[in-house]
Every structure is written in C-alpha cells, then in structure tokens.
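Engineer: The structure file my_file.csv (CSV, C-alpha atoms) is provided below.
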chain,number,residue,atom,x,y,z
F,4,MET,CA,-19.3,148.2,29.5
F,5,THR,CA,-20.6,145.6,32.1
F,6,VAL,CA,-23.0,142.7,31.5
F,7,ILE,CA,-25.8,144.5,33.2
F,8,GLU,CA,-25.2,147.7,31.2
F,9,LEU,CA,-25.3,145.7,28.0
F,10,ILE,CA,-28.5,143.9,29.0
F,11,GLU,CA,-30.2,147.3,29.9
F,12,GLN,CA,-29.1,148.6,26.5
F,13,MET,CA,-30.5,145.6,24.7
F,14,SER,CA,-33.7,145.8,26.7
F,15,ALA,CA,-34.3,149.3,25.5
F,16,ARG,CA,-33.7,148.2,22.0
F,17,LEU,CA,-36.2,145.4,22.2
F,18,ASP,CA,-38.8,147.7,23.8
F,19,GLN,CA,-38.3,150.3,21.0
F,20,ALA,CA,-38.6,147.6,18.3
F,21,GLY,CA,-42.0,146.5,19.7
F,22,VAL,CA,-41.3,142.8,19.7
F,23,SER,CA,-43.7,140.4,21.4
F,24,PHE,CA,-42.9,138.2,24.3
F,25,GLY,CA,-44.4,135.0,25.8
F,26,HIS,CA,-42.0,132.3,24.8
F,27,GLY,CA,-40.2,132.0,28.0
F,28,THR,CA,-40.1,135.6,29.0
F,29,THR,CA,-42.8,138.3,29.5
F,30,ASN,CA,-40.8,141.5,29.2
F,31,ALA,CA,-37.9,143.1,27.3
F,32,PHE,CA,-35.4,143.0,30.2
F,33,ASP,CA,-35.8,139.3,30.8
F,34,GLU,CA,-35.6,138.6,27.0
F,35,ALA,CA,-32.5,140.8,26.8
F,36,ALA,CA,-30.9,139.0,29.7
F,37,TRP,CA,-31.6,135.6,28.1
F,38,LEU,CA,-30.0,136.6,24.8
F,39,VAL,CA,-27.0,138.5,26.2
F,40,LEU,CA,-26.2,135.8,28.8
F,41,TRP,CA,-26.5,133.1,26.1
F,42,SER,CA,-24.3,135.0,23.7
F,43,LEU,CA,-21.7,135.4,26.4
F,44,GLY,CA,-21.8,131.7,27.3
F,45,HIS,CA,-23.2,132.2,30.8
F,46,PRO,CA,-25.9,130.1,32.4
F,47,LEU,CA,-29.2,131.9,32.3
F,48,ASP,CA,-29.6,131.9,36.1
F,49,CYS,CA,-26.3,133.6,36.9
F,50,LEU,CA,-27.1,137.3,36.3
F,51,ASP,CA,-26.5,138.3,39.9
F,52,THR,CA,-23.1,136.7,39.8
F,53,VAL,CA,-21.9,138.2,36.4
F,54,ALA,CA,-23.8,141.5,36.3
F,55,GLU,CA,-20.7,143.6,37.0
F,56,GLN,CA,-18.3,141.7,34.8
F,57,ALA,CA,-16.7,143.6,32.0
F,58,VAL,CA,-17.7,142.8,28.4
F,59,THR,CA,-15.2,143.1,25.5
F,60,ASP,CA,-16.1,145.0,22.4
F,61,THR,CA,-16.2,141.7,20.5
F,62,GLN,CA,-18.6,140.1,23.0
F,63,ALA,CA,-20.8,143.2,23.0
F,64,GLU,CA,-21.1,143.2,19.2
F,65,ALA,CA,-22.0,139.5,19.1
F,66,ALA,CA,-24.8,140.1,21.7
F,67,ARG,CA,-26.0,143.1,19.7
F,68,ALA,CA,-26.1,141.1,16.5
F,69,LEU,CA,-28.2,138.4,18.2
F,70,VAL,CA,-30.6,140.9,19.6
F,71,GLN,CA,-30.9,142.5,16.2
F,72,ARG,CA,-31.6,139.2,14.6
F,73,ARG,CA,-34.4,138.7,17.2
F,74,ILE,CA,-35.8,142.1,16.1
F,75,ASP,CA,-35.4,141.5,12.3
F,76,THR,CA,-36.8,138.0,12.2
F,77,ARG,CA,-39.4,138.3,14.9
F,78,GLU,CA,-38.7,134.7,15.8
F,79,PRO,CA,-38.8,133.5,19.4
F,80,ALA,CA,-35.5,133.8,21.2
F,81,ALA,CA,-35.5,130.0,21.8
F,82,TYR,CA,-35.2,129.4,18.0
F,83,LEU,CA,-32.2,131.6,17.9
F,84,THR,CA,-30.5,129.9,20.9
F,85,GLY,CA,-31.7,126.4,20.2
F,86,GLU,CA,-32.8,126.0,23.8
F,87,ALA,CA,-35.6,126.8,26.2
F,88,TRP,CA,-36.1,126.2,29.9
F,89,LEU,CA,-39.3,125.0,31.5
F,90,GLN,CA,-39.5,124.8,35.3
F,91,GLY,CA,-35.7,125.1,35.4
F,92,VAL,CA,-35.1,122.2,33.1
F,93,PRO,CA,-33.4,122.8,29.7
F,94,PHE,CA,-34.8,121.6,26.4
F,95,THR,CA,-33.6,121.5,22.9
F,96,VAL,CA,-35.8,123.6,20.6
F,97,ASP,CA,-36.0,124.4,16.9
F,98,ARG,CA,-38.5,125.5,14.4
F,99,ARG,CA,-40.1,122.0,14.1
F,100,VAL,CA,-41.8,122.5,17.5
F,101,ILE,CA,-43.5,125.3,19.4
F,102,VAL,CA,-41.5,126.8,22.2
F,103,PRO,CA,-42.3,124.8,25.4
F,104,ARG,CA,-44.4,127.0,27.9
F,105,SER,CA,-47.2,124.8,29.0
F,106,LEU,CA,-48.8,125.7,32.3
F,107,ILE,CA,-49.2,122.0,33.0
F,108,ALA,CA,-45.5,122.1,33.8
F,109,GLU,CA,-46.3,124.2,36.9
F,110,CYS,CA,-48.9,121.7,37.9
F,111,ILE,CA,-46.4,118.9,37.7
F,112,ALA,CA,-43.6,120.8,39.5
F,113,ASP,CA,-45.7,122.0,42.4
F,114,ALA,CA,-47.5,118.7,42.9
F,115,THR,CA,-51.0,120.1,42.1
F,116,ILE,CA,-51.8,116.9,40.2
F,117,ASP,CA,-50.5,114.5,42.9
F,118,PRO,CA,-53.7,114.3,45.0
F,119,TRP,CA,-55.5,112.7,42.0
F,120,LEU,CA,-52.7,110.0,41.7
F,121,ASN,CA,-52.4,106.9,43.8
F,122,ALA,CA,-50.0,104.0,44.6
F,123,HIS,CA,-51.2,102.3,41.4
F,124,THR,CA,-50.3,105.2,39.1
F,125,ARG,CA,-47.8,103.7,36.7
F,126,ARG,CA,-48.8,104.8,33.1
F,127,VAL,CA,-48.7,108.4,31.9
F,128,LEU,CA,-49.5,109.7,28.4
F,129,ASP,CA,-48.2,113.1,27.2
F,130,LEU,CA,-50.5,113.7,24.2
F,131,CYS,CA,-49.4,116.4,21.7
F,132,THR,CA,-46.0,116.2,23.3
F,133,GLY,CA,-44.2,118.6,20.9
F,134,ASN,CA,-40.6,118.7,22.0
F,135,GLY,CA,-41.2,116.2,24.8
F,136,SER,CA,-40.9,118.7,27.7
F,137,LEU,CA,-44.0,117.6,29.7
F,138,ALA,CA,-43.1,113.9,29.2
F,139,VAL,CA,-39.6,114.6,30.6
F,140,LEU,CA,-40.9,116.6,33.5
F,141,ALA,CA,-43.4,113.9,34.3
F,142,ALA,CA,-40.7,111.2,34.3
F,143,LEU,CA,-38.5,113.4,36.5
F,144,ALA,CA,-41.4,114.2,39.0
F,145,TRP,CA,-42.7,110.7,39.3
F,146,PRO,CA,-39.8,108.2,39.2
F,147,ASP,CA,-42.2,105.1,39.3
F,148,VAL,CA,-44.1,105.9,36.2
F,149,ASP,CA,-43.5,105.0,32.6
F,150,VAL,CA,-44.4,107.7,30.1
F,151,THR,CA,-45.6,107.5,26.5
F,152,ALA,CA,-45.2,110.7,24.5
F,153,ALA,CA,-47.3,111.0,21.4
F,154,ASP,CA,-47.7,113.5,18.6
F,155,LEU,CA,-49.0,113.8,15.0
F,156,SER,CA,-45.8,115.5,13.8
F,157,ALA,CA,-42.8,113.3,13.0
F,158,ASP,CA,-40.7,116.5,13.0
F,159,ALA,CA,-41.8,117.2,16.6
F,160,LEU,CA,-41.1,113.7,17.7
F,161,ALA,CA,-37.5,114.0,16.2
F,162,VAL,CA,-37.0,116.9,18.6
F,163,ALA,CA,-38.6,115.1,21.5
F,164,ARG,CA,-36.2,112.2,20.9
F,165,LEU,CA,-33.3,114.6,21.4
F,166,ASN,CA,-34.7,115.7,24.7
F,167,VAL,CA,-35.5,112.2,26.0
F,168,ALA,CA,-31.8,111.4,25.2
F,169,ARG,CA,-30.6,114.6,26.7
F,170,HIS,CA,-32.1,113.8,30.0
F,171,GLY,CA,-31.2,110.1,30.0
F,172,LEU,CA,-34.8,108.9,30.0
F,173,GLY,CA,-34.8,106.6,27.0
F,174,ASP,CA,-35.7,103.6,29.3
F,175,ARG,CA,-38.8,105.3,30.7
F,176,ILE,CA,-40.2,107.4,27.8
F,177,ARG,CA,-41.4,105.9,24.6
F,178,LEU,CA,-42.4,108.0,21.6
F,179,ARG,CA,-45.4,107.3,19.4
F,180,GLU,CA,-46.6,109.0,16.2
F,181,GLY,CA,-50.2,109.3,15.4
F,182,ASP,CA,-53.4,111.4,15.3
F,183,GLY,CA,-54.6,112.1,18.8
F,184,LEU,CA,-55.4,109.1,20.9
F,185,GLY,CA,-55.2,107.0,17.7
F,186,ALA,CA,-51.4,107.0,18.3
F,187,VAL,CA,-51.9,104.7,21.3
F,188,ASP,CA,-54.8,102.5,20.1
F,189,GLY,CA,-54.3,99.1,21.5
F,190,ASP,CA,-52.1,100.2,24.4
F,191,PRO,CA,-53.1,99.4,28.0
F,192,ALA,CA,-55.1,102.1,29.7
F,193,PHE,CA,-53.3,105.2,31.2
F,194,ASP,CA,-53.6,106.4,34.7
F,195,LEU,CA,-52.9,110.0,33.7
F,196,ILE,CA,-53.2,111.8,30.4
F,197,LEU,CA,-51.5,115.2,30.1
F,198,CYS,CA,-52.4,117.2,27.0
F,199,ASN,CA,-51.5,120.7,25.8
F,200,PRO,CA,-53.4,120.5,22.5
F,201,PRO,CA,-53.9,123.0,19.7
F,202,TYR,CA,-56.7,125.2,21.2
F,203,VAL,CA,-56.3,128.7,19.7
F,204,ASN,CA,-59.6,129.8,18.1
F,205,ALA,CA,-59.7,131.1,14.5
F,206,ALA,CA,-60.0,134.8,15.4
F,207,SER,CA,-57.1,134.6,17.8
F,208,MET,CA,-55.0,132.8,15.3
F,209,ALA,CA,-55.6,135.6,12.8
F,210,ALA,CA,-54.4,138.1,15.3
F,211,LEU,CA,-51.3,136.4,16.5
F,212,PRO,CA,-48.1,138.4,16.4
F,213,PRO,CA,-45.2,137.3,14.2
F,214,GLU,CA,-43.4,135.5,17.0
F,215,TYR,CA,-46.3,133.1,17.4
F,216,ARG,CA,-46.8,132.7,13.6
F,217,ALA,CA,-43.2,131.6,13.4
F,218,GLU,CA,-44.3,128.4,15.3
F,219,PRO,CA,-45.9,125.4,13.6
F,220,ALA,CA,-49.6,126.2,13.2
F,221,LEU,CA,-50.5,122.6,13.6
F,222,ALA,CA,-49.6,122.8,17.3
F,223,LEU,CA,-51.7,126.0,17.8
F,224,ALA,CA,-54.8,126.1,15.6
F,225,GLY,CA,-57.9,124.6,17.2
F,226,GLY,CA,-60.6,125.6,14.7
F,227,GLU,CA,-63.3,128.1,14.8
F,228,ASP,CA,-63.8,127.9,18.6
F,229,GLY,CA,-60.5,126.3,19.4
F,230,MET,CA,-62.2,123.0,20.5
F,231,ASP,CA,-61.8,120.9,17.3
F,232,PHE,CA,-59.1,118.6,18.8
F,233,VAL,CA,-60.5,118.8,22.3
F,234,ARG,CA,-63.9,117.4,21.2
F,235,GLY,CA,-62.3,114.2,19.8
F,236,LEU,CA,-60.1,113.9,22.8
F,237,LEU,CA,-62.8,114.1,25.4
F,238,HIS,CA,-65.0,111.7,23.4
F,239,ASP,CA,-62.2,109.1,23.1
F,240,ALA,CA,-60.4,109.6,26.5
F,241,PRO,CA,-62.6,107.2,28.6
F,242,GLY,CA,-61.5,104.3,26.4
F,243,HIS,CA,-57.8,105.1,27.1
F,244,LEU,CA,-58.0,105.9,30.9
F,245,SER,CA,-57.9,103.4,33.7
F,246,ARG,CA,-60.8,103.2,36.1
F,247,ASP,CA,-59.5,105.9,38.4
F,248,GLY,CA,-57.6,107.7,35.6
F,249,VAL,CA,-57.7,111.5,35.1
F,250,LEU,CA,-57.0,113.9,32.2
F,251,VAL,CA,-55.2,117.1,32.7
F,252,LEU,CA,-55.9,119.5,29.8
F,253,GLU,CA,-54.6,123.0,29.0
F,254,ILE,CA,-57.0,125.3,27.2
F,255,GLY,CA,-55.4,128.7,27.7
F,256,HIS,CA,-57.8,131.6,27.3
F,257,GLU,CA,-60.5,129.4,25.8
F,258,ARG,CA,-62.6,128.7,28.9
F,259,PRO,CA,-65.8,130.3,27.5
F,260,HIS,CA,-65.5,128.3,24.4
F,261,PHE,CA,-64.8,125.1,26.4
F,262,GLU,CA,-67.8,125.6,28.7
F,263,ALA,CA,-70.0,126.3,25.7
F,264,ALA,CA,-68.8,123.1,24.0
F,265,PHE,CA,-69.0,120.9,27.1
F,266,PRO,CA,-71.7,122.4,29.4
F,267,THR,CA,-72.4,119.3,31.4
F,268,LEU,CA,-68.9,118.2,32.0
F,269,GLU,CA,-67.7,118.4,35.7
F,270,VAL,CA,-64.1,119.5,35.9
F,271,VAL,CA,-61.6,120.8,38.4
F,272,TRP,CA,-59.7,124.0,37.5
F,273,LEU,CA,-56.1,123.9,38.6
F,274,PRO,CA,-54.3,127.0,39.9
F,275,THR,CA,-51.4,128.4,37.7
F,276,SER,CA,-49.4,131.6,37.5
F,277,ALA,CA,-51.7,132.7,34.6
F,278,GLY,CA,-54.8,132.2,36.6
F,279,ASP,CA,-57.2,129.4,37.7
F,280,ASP,CA,-59.1,129.0,34.4
F,281,GLN,CA,-56.4,127.8,32.0
F,282,VAL,CA,-55.7,124.2,33.0
F,283,LEU,CA,-58.4,121.7,34.1
F,284,LEU,CA,-58.5,118.2,35.4
F,285,VAL,CA,-61.3,115.8,34.7
F,286,ALA,CA,-61.8,112.3,36.0
F,287,ARG,CA,-62.7,109.4,33.7
F,288,GLU,CA,-66.0,108.9,35.5
F,289,ALA,CA,-67.0,112.6,34.8
F,290,LEU,CA,-66.2,112.0,31.1
F,291,VAL,CA,-68.3,108.9,31.0
F,292,ALA,CA,-71.2,110.7,32.7
F,293,ALA,CA,-71.0,113.7,30.3
F,294,LEU,CA,-70.9,111.4,27.3
F,295,ALA,CA,-73.9,109.4,28.6
F,296,ALA,CA,-75.9,112.6,29.1
F,297,ALA,CA,-75.0,113.9,25.6
F,298,GLU,CA,-76.0,110.6,24.0
F,299,GLY,CA,-79.2,110.6,26.0
F,300,GLY,CA,-80.0,114.1,24.8
F,301,ASP,CA,-79.3,113.1,21.2
F,302,ALA,CA,-81.7,110.2,21.6
Just dump the structure as structure tokens.
Structural biologist:
Amino acid sequence: MTVIELIEQMSARLDQAGVSFGHGTTNAFDEAAWLVLWSLGHPLDCLDTVAEQAVTDTQAEAARALVQRRIDTREPAAYLTGEAWLQGVPFTVDRRVIVPRSLIAECIADATIDPWLNAHTRRVLDLCTGNGSLAVLAALAWPDVDVTAADLSADALAVARLNVARHGLGDRIRLREGDGLGAVDGDPAFDLILCNPPYVNAASMAALPPEYRAEPALALAGGEDGMDFVRGLLHDAPGHLSRDGVLVLEIGHERPHFEAAFPTLEVVWLPTSAGDDQVLLVAREALVAALAAAEGGDA
C-alpha cells in the first residue's frame, strides 16, 4: 500500500463515519491526509513528494488507529496530534484552547490590515488570544511592533506561552491575564487591537457538532445573540486605542446580530476566504461617534 492509497482509504472511513470538519480542514480527504502524514512522521505539506511511497503494515495500522480515534472521540484532529497550522505557521494545541482558525490570520498574512497602519504603529493587542497564534502572526508580519496577548483563561495563556517560546518571540510578545480589556487597564494605548472573541449565539451553540463541543465553551459562547463580549469590547475600546487606532474584530456568521446590536456603527468589512462579512475593521473615531450617538439617544 502507498501513502496516497492509505489516505484515500482513511478518507472514505471518515466520510462514512460522518465526522465534522472545520478545525484546519474542510473535507475528509484533507483530514485523512493530515492524520496519515502526521502518523508517518511526514511534514503536512509534502504529500506530492511522498504520495507513492510504500507504507509498512505497522505504519498503516498506526495511521488507522489514529483515524479510528478521531472517529470514536469526535475530537478535532489537532487535539490528537498536538499541533495545528495557521497561514503555514505551526502552533502547539491541546484541549485547553480552541483550535486556531481565525480569519484574522488571513487579513494579517495578505496585508489587508496594513493600509490602516502607519509609521507610528508600534503597539498591538491580541485580545482573547487563546493559544497565541494571532499574536505570533502579528509579530512575524510586523517586525517593528510589540504585541500584548491577553486572555481570561490561565490555561489558554499557558499554551500561548509555549507558542511564544516556540517561535522565539519572548522579547516581543507579553502575556496578560484578565477579563476583556480589563487585562490591560493602565497600559499605554494600542495602535491596533485584534480580537477573535466568543461570538457564537445560543441557538448555534446548542446545535454545534461534537468536534466543536470538545473545545472550551468559554472561547465560543457569546450569549443569546452572540454579542455579549462584543458589547463590552466596543464600549471600552476607545479608551484603549491611540488616536488613529483601529480594532479588527471577527464575528463569524453573526453579522445580522452585530448590525442589530450596533446599528449606527460605521465599519469596514474585510475580505476573507469565508466571505466579506465575517471580519470587520472599525476606527477609534467611529467607535467614539457611535458611543456619543447612543448616549445622546439614551438622554
């Protein structure tokens, strides 16, 4: 049996089992390739090179056992391998954090955010950092910035610490524990805040497949309309942004709930592979204007 034949066999098994994807892959073949290549000790981007290599019976059995574990546990593959990739960069992952998949990573990698930055951009905050992947990607993309990575979860920050060390960025990324922007109270203003918050609405949370329920609910659940965390963030953000600062926020499929919650807020929707309505950018001045309008209406 060859590597590609084993992958195709495991792909069929995953399809038949009805597992759910979305934690680094979107289909059974890619998931099977990930698990088989990892089991064989091959880099995940080398399939073309090793596709026709022979697989021993022992190797095949180990790969089959890993795929069966994926089926039996319904846990994301990243939890089984201890590693996930985002924009080609490897990250340590375990059950203390959600599997990194933020679309903000695309916006960093393809320079979509760059037009809103300037020569004075020096301080970046990755809020709800999880395993630290966006903080690491930001530090790699913008060598002149210092990054603060904050999260409510001490467990998540322990994993983030592993990834900061893994990429040799301990001198440029500092970790802070706390609830929302409260984690950085008293810090100088940030020029850019990145945030992939808990935003899944209650109905969607109840319908999540097992793979997503295996992740920490703290990092996913956003309340009845998904906007519980976002409301506090947008209210407090102007006090933590520099004069020309911007906030980049991921809200997934919650745009209708977002627009219902913040009808007067002017935002820019950023293009991603999942569409142009899942990641937004908002300037500090727009946040200030929306808050003033809301307070005026309340008055």
Engineer: With distances taken over only C-alpha atoms, which of F:Val102, F:Ala161, F:Ile107, F:Leu273 is nearest to F:Glu78?
Structural biologist: F:Val102
Engineer: Write out as a list in words the residues lying within 8 Å of F:Leu172, counting only C-alpha atoms and excluding same-chain residues fewer than 5 positions away.
Structural biologist: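 Within the cut-off, the hits are Val139, Ala142 and Val167 of chain F.
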Engineer: How would the residues just picked look written out with C-alpha atoms as a short mmCIF file (atom, residue, chain, number, x, y, z; two decimals), in the coordinates of the input?
Structural biologist:
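To be explicit, this is the file written out as out_29.cif:
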data_model
loop_
_atom_site.label_atom_id
_atom_site.label_comp_id
_atom_site.auth_asym_id
_atom_site.auth_seq_id
_atom_site.Cartn_x
_atom_site.Cartn_y
_atom_site.Cartn_z
CA VAL F 139 -39.60 114.60 30.60
CA ALA F 142 -40.70 111.20 34.30
CA VAL F 167 -35.50 112.20 26.00
#
Engineer: Determine, counting only C-alpha atoms, which protein, DNA and RNA residues have an atom within 10 Å of an atom of F:Ala157; residues of the same chain fewer than 2 positions away are not included. Present the result as JSON, numbers by chain.
Structural biologist: {"F": [99, 133, 153, 154, 155, 159, 160, 161, 162, 163, 179, 180, 181]}
Engineer: What is the atom CA of F:Pro219 to atom CA of F:Pro200 distance in Å?
Structural biologist: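 Here the two named atoms are 12.6 Å from each other.
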Engineer: Nearest to F:Gln71: which of F:Val100, F:Leu250, F:Ala296, F:Leu38 is it, counting only C-alpha atoms?
Structural biologist: F:Leu38
Engineer: List the spatial neighbours of F:Ser207 as a PyMOL selection string - criterion: any atom at most 12 Å away, all atoms listed in the file, same-chain residues fewer than 6 positions off excluded.
Structural biologist: chain F and resi 215-216+223-229+255-257
Engineer: Which is closest to F:Gln62 among F:Arg77, F:Ser42, F:Asp182, F:Asp18, if we use only C-alpha atoms?
Structural biologist: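 The shortest atom-to-atom distance to F:Gln62 comes from F:Ser42.
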Engineer: Using all atoms listed in the file for the distances, tell me which of F:Ala263, F:Leu9, F:Ala293, F:Val270 is nearest to F:Glu64.
Structural biologist: F:Leu9
Engineer: Atom CA of F:Asp129 and atom CA of F:Ala209 are how many Å apart?
Structural biologist: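 Taking atom CA of F:Asp129 and atom CA of F:Ala209, their separation equals 27.7 Å.
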Engineer: Do you have the atom CA of F:Leu252-atom CA of F:Phe94 distance handy?
Structural biologist: 21.5 Å
Engineer: Which residues come within 12 Å of F:Glu34, counting only C-alpha atoms, excluding same-chain residues fewer than 2 positions away, as a PyMOL selection string?
Structural biologist: chain F and resi 10-18+22-32+36-41+47+69-70+73-74+79-81+83-84+87
Engineer: Restricting the calculation to all atoms listed in the file: of F:Leu221, F:Ile116, F:Leu178, F:Leu211, which residue gets closest to F:Leu283?
Structural biologist: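 Of F:Leu221, F:Ile116, F:Leu178, F:Leu211, the one nearest F:Leu283 is F:Ile116, counting all atoms listed in the file.
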Engineer: Which one is closest to F:Thr52: F:Ile7, F:Ala277, F:Ile101, F:Ala65? Count all atoms listed in the file.
Structural biologist: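 Smallest separation from F:Thr52 among the options: F:Ile7.
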Engineer: Using all atoms listed in the file, which residues sit within 10 Å of F:Asp147 once same-chain residues fewer than 3 positions away are excluded, as a list in words?
Structural biologist: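 Contacts, with the query itself left out: Ala122, His123, Thr124, Arg125, Arg126, Ala142, Leu143, Ala144, Val150 and Arg175 of chain F.
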